[in-house]
Each structure stands twice: as structure tokens, then as C-alpha cells.
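A.B. asks: So that we are looking at the same thing, I have put the structure below in C-alpha cells.
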Amino acid sequence: MAIEHTFSIIKPDATRRNLTGAINAMIEAAGLRIIAQKRVHMTRAQAETFYAVHSARPFYGELTQQMSAEPVVVQVLAGDNAIQRYRDLMGATNPANAADGTIRKAHALSVGENSVHGSDSADNAKIEIAQFFAGNEIVG
Ligand code: ADP
Ligand code: MG
């Protein structure tokens, strides 16, 4: 199977609680490789662009406010079938429904403050990676 790249964000609820390392340990234990990573403080406009697909949803304002209120860690993860494998490792959007062993089961606070983002398709992974990383920042 071909190596895929996916885009990950360790969200403010997790960076605030000093969970970057704990989440990275779960990512690496699952066999995904962190091939790019940086800590950034998104502007509101960046968060709005990133989540534009959700602009009509009732939680869009709260989501983009939270994502731009505090630092996040953005990452590129690589591995066989990385997009689906990271979605599986993240767990359900609502941590109340997340399976044991997932990041959201272990760490998420609520459906909104759910600790991590992961791309949901190859097309979106490419778009999301390009929003935060230049090619020479991705070192596989
Ligand atoms: P996922 O992050 O699992 O792909 P979505 O793409 O559906 O989930 O939603 C994007 C993000 O919006 C979620 O991770 C979460 O932070 C927030 N969100 C989704 N649904 C809700 C909701 N019902 N209430 C508040 N925030 C939500
Ligand atoms: Mg999503």
C-alpha cells in the first residue's frame, strides 16, 4: 500500500493541558510518523478558512473562536493508509461515543473541545497540509 500523508492538529484544549507529548506518543505507538510539526497561534481568519466547510453549522463561531484563542500544534503524519488510520486513532467526534484506546476517549473534554483534528479524505489532506506547511518543512 502507498504511504499517505494526513494533516493533524493538536487543538487548544490539549495544548493548554500540556498533552502534546502524550498525544504524540499515541500517534507514534499507532505506527504513524510525525514528518512535520510546529506550534502556531492561528488568526481567526485562518481558523475560518480552515473550517469553511462548516460555516453554516451552529457551532462554527464557537469552533473558530476556540481554535484561534490559544496555540495549536499542526502536524503532517505519514504511513500506510494514514488518513483512515489517524481517524480511527482519533475516535468519534463526540468523546462520549469514542472507543477505548482512542485519543478522544483518553483526552477530549467535549464534542467541541475534542483535542485533535485529522483530515477526512486525501483531497482534504492535501489542501489542509498546504495551508500550514511549505514543501521543505515536510521531511519524511
Ligand atoms: P471531526 O473533527 O471528527 O472531523 P467534524 O468535521 O464534524 O468532526 O467537526 C469539526 C469540529 O467541529 C469537531 O472536531 C468539533 O471540534 C466541532 N464540532 C463538531 N460538532 C460539534 C457540535 N455538535 N458542537 C460543538 N462543536 C462541534
Ligand atoms: Mg472533520
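Residues are named by chain letter and number: chains run A, B, ... in the order of the C-alpha cells, numbers start at 1 in each chain, and ligands are numbered from 1 in the order shown.
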Kindly provide the residues of chain A that approach ligand 2 to within 7 Å, each paired with its closest atom pair and their distance in Å to one decimal, based on only C-alpha atoms and all ligand atoms, listed by chain and increasing number, as a tab-separated table.
C.D. replies:
residue	atom	partner	partner_atom_place_in_ligand_line	distance
A:His117	CA	ligand 2	1 (Mg)	6.9
A:Gly118	CA	ligand 2	1 (Mg)	6.9
A:Ser119	CA	ligand 2	1 (Mg)	6.5
A:Asp120	CA	ligand 2	1 (Mg)	6.0
A.B. asks: To check your reading of the model: which residues sit at most 9 Å from ligand 1 when counting only C-alpha atoms and all ligand atoms? Write the answer as a PyMOL selection string.
C.D. replies: chain A and resi 11+51+53-54+57-60+62-64+66-67+87+90-94+110-120
A.B. asks: Please dump the current selection as a short mmCIF file (atom, residue, chain, number, x, y, z; two decimals), in the first residue's frame; keep N, CA, C and O atoms.
C.D. replies:
data_model
loop_
_atom_site.label_atom_id
_atom_site.label_comp_id
_atom_site.auth_asym_id
_atom_site.auth_seq_id
_atom_site.Cartn_x
_atom_site.Cartn_y
_atom_site.Cartn_z
N LYS A 11 -5.37 20.35 19.28
CA LYS A 11 -6.19 21.54 19.48
C LYS A 11 -5.89 22.24 20.81
O LYS A 11 -5.25 21.66 21.70
N TYR A 51 -11.94 25.89 8.55
CA TYR A 51 -13.22 25.22 8.83
C TYR A 51 -14.36 25.76 7.96
O TYR A 51 -15.53 25.60 8.33
N VAL A 53 -15.86 24.71 5.48
CA VAL A 53 -16.88 23.72 5.15
C VAL A 53 -17.99 23.67 6.19
O VAL A 53 -19.12 23.27 5.89
N HIS A 54 -17.69 24.11 7.41
CA HIS A 54 -18.68 24.09 8.50
C HIS A 54 -19.32 25.46 8.73
O HIS A 54 -19.98 25.66 9.75
N ARG A 57 -22.84 25.76 10.02
CA ARG A 57 -23.22 24.98 11.20
C ARG A 57 -23.33 25.90 12.43
O ARG A 57 -22.61 26.91 12.53
N PRO A 58 -24.19 25.56 13.37
CA PRO A 58 -24.40 26.45 14.54
C PRO A 58 -23.15 26.61 15.41
O PRO A 58 -23.02 27.60 16.11
N PHE A 59 -22.24 25.62 15.35
CA PHE A 59 -21.06 25.70 16.21
C PHE A 59 -19.87 26.40 15.55
O PHE A 59 -18.80 26.49 16.14
N TYR A 60 -20.04 26.92 14.34
CA TYR A 60 -18.91 27.49 13.58
C TYR A 60 -18.24 28.65 14.33
O TYR A 60 -17.01 28.72 14.39
N GLU A 62 -18.22 29.36 17.62
CA GLU A 62 -17.53 28.85 18.81
C GLU A 62 -16.26 28.10 18.40
O GLU A 62 -15.20 28.26 19.01
N LEU A 63 -16.37 27.28 17.36
CA LEU A 63 -15.23 26.48 16.90
C LEU A 63 -14.07 27.37 16.44
O LEU A 63 -12.92 27.18 16.85
N THR A 64 -14.37 28.35 15.61
CA THR A 64 -13.29 29.18 15.07
C THR A 64 -12.74 30.12 16.14
O THR A 64 -11.56 30.45 16.13
N GLN A 66 -12.52 29.26 19.41
CA GLN A 66 -11.65 28.41 20.24
C GLN A 66 -10.35 28.07 19.52
O GLN A 66 -9.27 28.08 20.14
N MET A 67 -10.43 27.79 18.24
CA MET A 67 -9.23 27.36 17.52
C MET A 67 -8.22 28.49 17.34
O MET A 67 -7.04 28.24 17.10
N ARG A 87 -7.87 8.76 11.61
CA ARG A 87 -9.27 8.94 12.01
C ARG A 87 -9.64 7.88 13.06
O ARG A 87 -10.33 8.17 14.05
N MET A 90 -8.06 8.78 16.37
CA MET A 90 -8.72 9.94 16.99
C MET A 90 -9.97 9.51 17.76
O MET A 90 -10.22 10.00 18.85
N GLY A 91 -10.78 8.67 17.16
CA GLY A 91 -12.06 8.28 17.75
C GLY A 91 -13.17 9.21 17.30
O GLY A 91 -12.96 10.19 16.59
N ALA A 92 -14.39 8.90 17.75
CA ALA A 92 -15.57 9.65 17.32
C ALA A 92 -15.47 11.12 17.72
O ALA A 92 -14.87 11.46 18.74
N THR A 93 -16.10 11.98 16.93
CA THR A 93 -16.10 13.43 17.17
C THR A 93 -16.55 13.74 18.60
O THR A 93 -15.93 14.55 19.29
N ASN A 94 -17.62 13.09 19.02
CA ASN A 94 -18.11 13.26 20.40
C ASN A 94 -17.41 12.22 21.29
O ASN A 94 -17.61 11.02 21.09
N SER A 110 -15.08 17.47 25.36
CA SER A 110 -16.46 17.62 24.89
C SER A 110 -16.46 17.48 23.38
O SER A 110 -15.39 17.38 22.75
N VAL A 111 -17.66 17.50 22.78
CA VAL A 111 -17.74 17.38 21.31
C VAL A 111 -17.03 18.55 20.63
O VAL A 111 -16.49 18.39 19.54
N GLY A 112 -17.01 19.70 21.24
CA GLY A 112 -16.31 20.85 20.66
C GLY A 112 -14.83 20.83 20.96
O GLY A 112 -13.99 20.97 20.06
N GLU A 113 -14.50 20.63 22.24
CA GLU A 113 -13.09 20.60 22.66
C GLU A 113 -12.63 19.15 22.68
O GLU A 113 -12.53 18.50 23.73
N ASN A 114 -12.35 18.64 21.46
CA ASN A 114 -12.10 17.21 21.32
C ASN A 114 -10.66 16.88 20.92
O ASN A 114 -10.40 15.85 20.30
N SER A 115 -9.75 17.78 21.28
CA SER A 115 -8.30 17.51 21.36
C SER A 115 -7.55 17.40 20.05
O SER A 115 -6.37 17.77 20.00
N VAL A 116 -8.17 16.84 19.00
CA VAL A 116 -7.43 16.64 17.75
C VAL A 116 -8.32 16.85 16.52
O VAL A 116 -9.53 16.64 16.58
N HIS A 117 -7.67 17.23 15.44
CA HIS A 117 -8.26 17.23 14.10
C HIS A 117 -7.47 16.26 13.23
O HIS A 117 -6.24 16.18 13.35
N GLY A 118 -8.15 15.59 12.32
CA GLY A 118 -7.47 14.80 11.29
C GLY A 118 -8.23 14.91 10.00
O GLY A 118 -9.48 14.93 9.99
N SER A 119 -7.51 14.96 8.89
CA SER A 119 -8.15 15.07 7.57
C SER A 119 -9.09 13.89 7.34
O SER A 119 -8.84 12.78 7.80
N ASP A 120 -10.17 14.17 6.57
CA ASP A 120 -11.15 13.11 6.31
C ASP A 120 -11.08 12.53 4.90
O ASP A 120 -11.87 11.65 4.56
#
A.B. asks: Using DSSP on the backbone coordinates, identify all residues within chain A classified as strand (DSSP E or B); present the result as a ChimeraX atom specification.
C.D. replies: /A:3-10,33-40,72-80,116-118
A.B. asks: With only C-alpha atoms as the counted atoms, please give the residues lying no more than 12 Å from A:Ala134, apart from itself and same-chain residues fewer than 4 positions off, as a count of residues only.
C.D. replies: 11
A.B. asks: Pick out the residues sitting within 10 Å of A:Ala106, and hand them over as a list in words; count only C-alpha atoms, and ignore anything fewer than 5 positions along from it in its own chain.
C.D. replies: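 Listed by chain and then number, they are Ala22, Ile23, Met90, Gly91, Pro95, Ala98, Ala99, Asp100, Gly101 and Ser115 of chain A.
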A.B. asks: Can I get the selection written as a PDB file, in the first residue's frame, with N, CA, C and O atoms?
C.D. replies:
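result.pdb was written with the following content:
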ATOM      1  N   ALA A  22       1.839  13.524  25.152  1.00  0.00           N
ATOM      2  CA  ALA A  22       1.014  12.324  25.360  1.00  0.00           C
ATOM      3  C   ALA A  22       0.305  11.936  24.064  1.00  0.00           C
ATOM      4  O   ALA A  22       0.206  10.745  23.728  1.00  0.00           O
ATOM      5  N   ILE A  23      -0.184  12.935  23.340  1.00  0.00           N
ATOM      6  CA  ILE A  23      -0.872  12.640  22.070  1.00  0.00           C
ATOM      7  C   ILE A  23       0.145  12.177  21.025  1.00  0.00           C
ATOM      8  O   ILE A  23      -0.109  11.211  20.288  1.00  0.00           O
ATOM      9  N   MET A  90      -8.062   8.780  16.371  1.00  0.00           N
ATOM     10  CA  MET A  90      -8.720   9.938  16.993  1.00  0.00           C
ATOM     11  C   MET A  90      -9.966   9.513  17.765  1.00  0.00           C
ATOM     12  O   MET A  90     -10.222  10.001  18.854  1.00  0.00           O
ATOM     13  N   GLY A  91     -10.782   8.666  17.162  1.00  0.00           N
ATOM     14  CA  GLY A  91     -12.059   8.280  17.750  1.00  0.00           C
ATOM     15  C   GLY A  91     -13.169   9.210  17.304  1.00  0.00           C
ATOM     16  O   GLY A  91     -12.956  10.188  16.588  1.00  0.00           O
ATOM     17  N   PRO A  95     -16.610  12.677  22.231  1.00  0.00           N
ATOM     18  CA  PRO A  95     -15.852  11.702  23.028  1.00  0.00           C
ATOM     19  C   PRO A  95     -16.733  10.720  23.788  1.00  0.00           C
ATOM     20  O   PRO A  95     -16.276   9.628  24.134  1.00  0.00           O
ATOM     21  N   ALA A  98     -16.593   7.783  21.697  1.00  0.00           N
ATOM     22  CA  ALA A  98     -15.265   7.337  21.233  1.00  0.00           C
ATOM     23  C   ALA A  98     -14.879   6.011  21.903  1.00  0.00           C
ATOM     24  O   ALA A  98     -15.143   5.788  23.087  1.00  0.00           O
ATOM     25  N   ALA A  99     -14.256   5.148  21.111  1.00  0.00           N
ATOM     26  CA  ALA A  99     -13.858   3.826  21.599  1.00  0.00           C
ATOM     27  C   ALA A  99     -12.655   3.916  22.538  1.00  0.00           C
ATOM     28  O   ALA A  99     -11.846   4.861  22.457  1.00  0.00           O
ATOM     29  N   ASP A 100     -12.536   2.923  23.392  1.00  0.00           N
ATOM     30  CA  ASP A 100     -11.357   2.813  24.250  1.00  0.00           C
ATOM     31  C   ASP A 100     -10.100   2.777  23.387  1.00  0.00           C
ATOM     32  O   ASP A 100     -10.087   2.172  22.315  1.00  0.00           O
ATOM     33  N   GLY A 101      -9.049   3.403  23.878  1.00  0.00           N
ATOM     34  CA  GLY A 101      -7.777   3.394  23.159  1.00  0.00           C
ATOM     35  C   GLY A 101      -7.614   4.544  22.188  1.00  0.00           C
ATOM     36  O   GLY A 101      -6.541   4.735  21.633  1.00  0.00           O
ATOM     37  N   SER A 115      -9.753  17.783  21.276  1.00  0.00           N
ATOM     38  CA  SER A 115      -8.304  17.514  21.365  1.00  0.00           C
ATOM     39  C   SER A 115      -7.552  17.402  20.049  1.00  0.00           C
ATOM     40  O   SER A 115      -6.375  17.767  19.999  1.00  0.00           O
TER      41      SER A 115
END
A.B. asks: Residues at most 12 Å from A:Thr20, counting only C-alpha atoms, excluding those fewer than 6 positions away in the same chain, as a list in words?
C.D. replies: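 Everything that qualifies: Ser8, Ile9, Ile10, Lys11, Pro12, Asp13, Ala14, Met26, Ile27, Gln37, Lys38, Arg39, Pro71, Val72, Val73, Val74, Gln75, Ile103, His107, Ser115 and Val116 of chain A.
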A.B. asks: Those same residues, written as a compact mmCIF listing (two decimals), in the first residue's frame with C-alpha atoms?
C.D. replies:
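Here's the written file selection-v2.txt:
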# COMPACT_ATOMS: atom_id res chain seq x y z
CA SER A 8 -3.33 16.73 12.16
CA ILE A 9 -3.98 19.48 14.69
CA ILE A 10 -3.48 19.11 18.42
CA LYS A 11 -6.19 21.54 19.48
CA PRO A 12 -6.10 24.25 22.18
CA ASP A 13 -7.83 22.16 24.83
CA ALA A 14 -4.93 19.69 24.57
CA MET A 26 -0.23 7.71 20.94
CA ILE A 27 0.36 8.73 17.31
CA GLN A 37 5.27 19.68 13.18
CA LYS A 38 5.07 23.22 14.50
CA ARG A 39 3.25 25.18 17.18
CA PRO A 71 -1.81 27.89 20.35
CA VAL A 72 -2.23 24.63 18.48
CA VAL A 73 0.29 22.13 17.13
CA VAL A 74 -0.07 21.40 13.42
CA GLN A 75 1.42 18.22 12.00
CA ILE A 103 -7.14 9.93 21.62
CA HIS A 107 -8.26 13.18 26.41
CA SER A 115 -8.30 17.51 21.36
CA VAL A 116 -7.43 16.64 17.75
A.B. asks: Among the residues of chain A, find those DSSP assigns to alpha helix (DSSP H) from the backbone and print them as a tab-separated table (two decimals) with C-alpha atoms, in the first residue's frame.
C.D. replies:
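Saved to result.tsv:
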chain	number	residue	atom	x	y	z
A	12	PRO	CA	-6.10	24.25	22.18
A	13	ASP	CA	-7.83	22.16	24.83
A	14	ALA	CA	-4.93	19.69	24.57
A	15	THR	CA	-2.01	22.12	24.24
A	16	ARG	CA	-3.41	24.03	27.25
A	20	THR	CA	1.18	17.45	23.16
A	21	GLY	CA	3.67	14.77	24.16
A	22	ALA	CA	1.01	12.32	25.36
A	23	ILE	CA	-0.87	12.64	22.07
A	24	ASN	CA	2.32	12.36	20.03
A	25	ALA	CA	3.15	9.18	21.94
A	26	MET	CA	-0.23	7.71	20.94
A	27	ILE	CA	0.36	8.73	17.31
A	28	GLU	CA	3.79	7.10	17.23
A	29	ALA	CA	2.63	3.99	19.10
A	44	ARG	CA	-9.47	33.99	13.45
A	45	ALA	CA	-9.32	34.33	9.66
A	46	GLN	CA	-7.08	31.26	9.37
A	47	ALA	CA	-9.45	29.23	11.54
A	48	GLU	CA	-12.43	30.42	9.49
A	49	THR	CA	-10.74	29.42	6.24
A	50	PHE	CA	-9.67	26.07	7.65
A	60	TYR	CA	-18.91	27.49	13.58
A	61	GLY	CA	-18.48	30.68	15.62
A	62	GLU	CA	-17.53	28.85	18.81
A	63	LEU	CA	-15.23	26.48	16.90
A	64	THR	CA	-13.29	29.18	15.07
A	65	GLN	CA	-13.11	31.30	18.24
A	66	GLN	CA	-11.65	28.41	20.24
A	67	MET	CA	-9.23	27.36	17.52
A	68	SER	CA	-7.81	30.88	17.31
A	69	ALA	CA	-7.83	31.67	21.03
A	82	ALA	CA	-2.55	7.17	7.26
A	83	ILE	CA	-5.75	9.15	6.68
A	84	GLN	CA	-8.13	6.42	7.85
A	85	ARG	CA	-5.73	5.10	10.49
A	86	TYR	CA	-5.48	8.52	12.12
A	87	ARG	CA	-9.27	8.94	12.01
A	88	ASP	CA	-9.53	5.58	13.79
A	89	LEU	CA	-6.93	6.60	16.38
A	90	MET	CA	-8.72	9.94	16.99
A	103	ILE	CA	-7.14	9.93	21.62
A	104	ARG	CA	-10.57	11.46	22.12
A	105	LYS	CA	-11.63	8.80	24.62
A	106	ALA	CA	-8.43	9.40	26.58
A	107	HIS	CA	-8.26	13.18	26.41
A	122	ALA	CA	-6.91	12.53	0.53
A	123	ASP	CA	-8.10	15.68	-1.23
A	124	ASN	CA	-8.66	17.49	2.07
A	125	ALA	CA	-5.33	16.27	3.46
A	126	LYS	CA	-3.54	17.89	0.55
A	127	ILE	CA	-5.47	21.16	0.90
A	128	GLU	CA	-5.02	21.29	4.70
A	129	ILE	CA	-1.29	20.48	4.62
A	130	ALA	CA	-0.75	23.27	2.07
A	131	GLN	CA	-2.48	25.77	4.38
A	132	PHE	CA	0.20	25.34	7.05
A.B. asks: Could you tell me how far atom CA of A:Ile3 sits from atom CA of A:Leu32, in Å to one decimal place?
C.D. replies: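 Here the two named atoms are 10.3 Å from each other.
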A.B. asks: Determine the nearest neighbour of A:Ala2 from the options A:Ala30, A:Ile35, A:Leu19, A:Ala78, counting only C-alpha atoms.
C.D. replies: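 Nearest candidate to A:Ala2 out of A:Ala30, A:Ile35, A:Leu19, A:Ala78: A:Ala78.
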A.B. asks: What is the atom CA of A:Val40 to atom CA of A:Phe133 distance in Å?
C.D. replies: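 According to the coordinates, atom CA of A:Val40 and atom CA of A:Phe133 are separated by 11.3 Å.
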A.B. asks: For a test of reading the model, state the distance in Å between atom CA of A:Gly79 and atom CA of A:Arg33, rounded to one decimal.
C.D. replies: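 Value for the atom CA of A:Gly79-atom CA of A:Arg33 distance: 6.4 Å.
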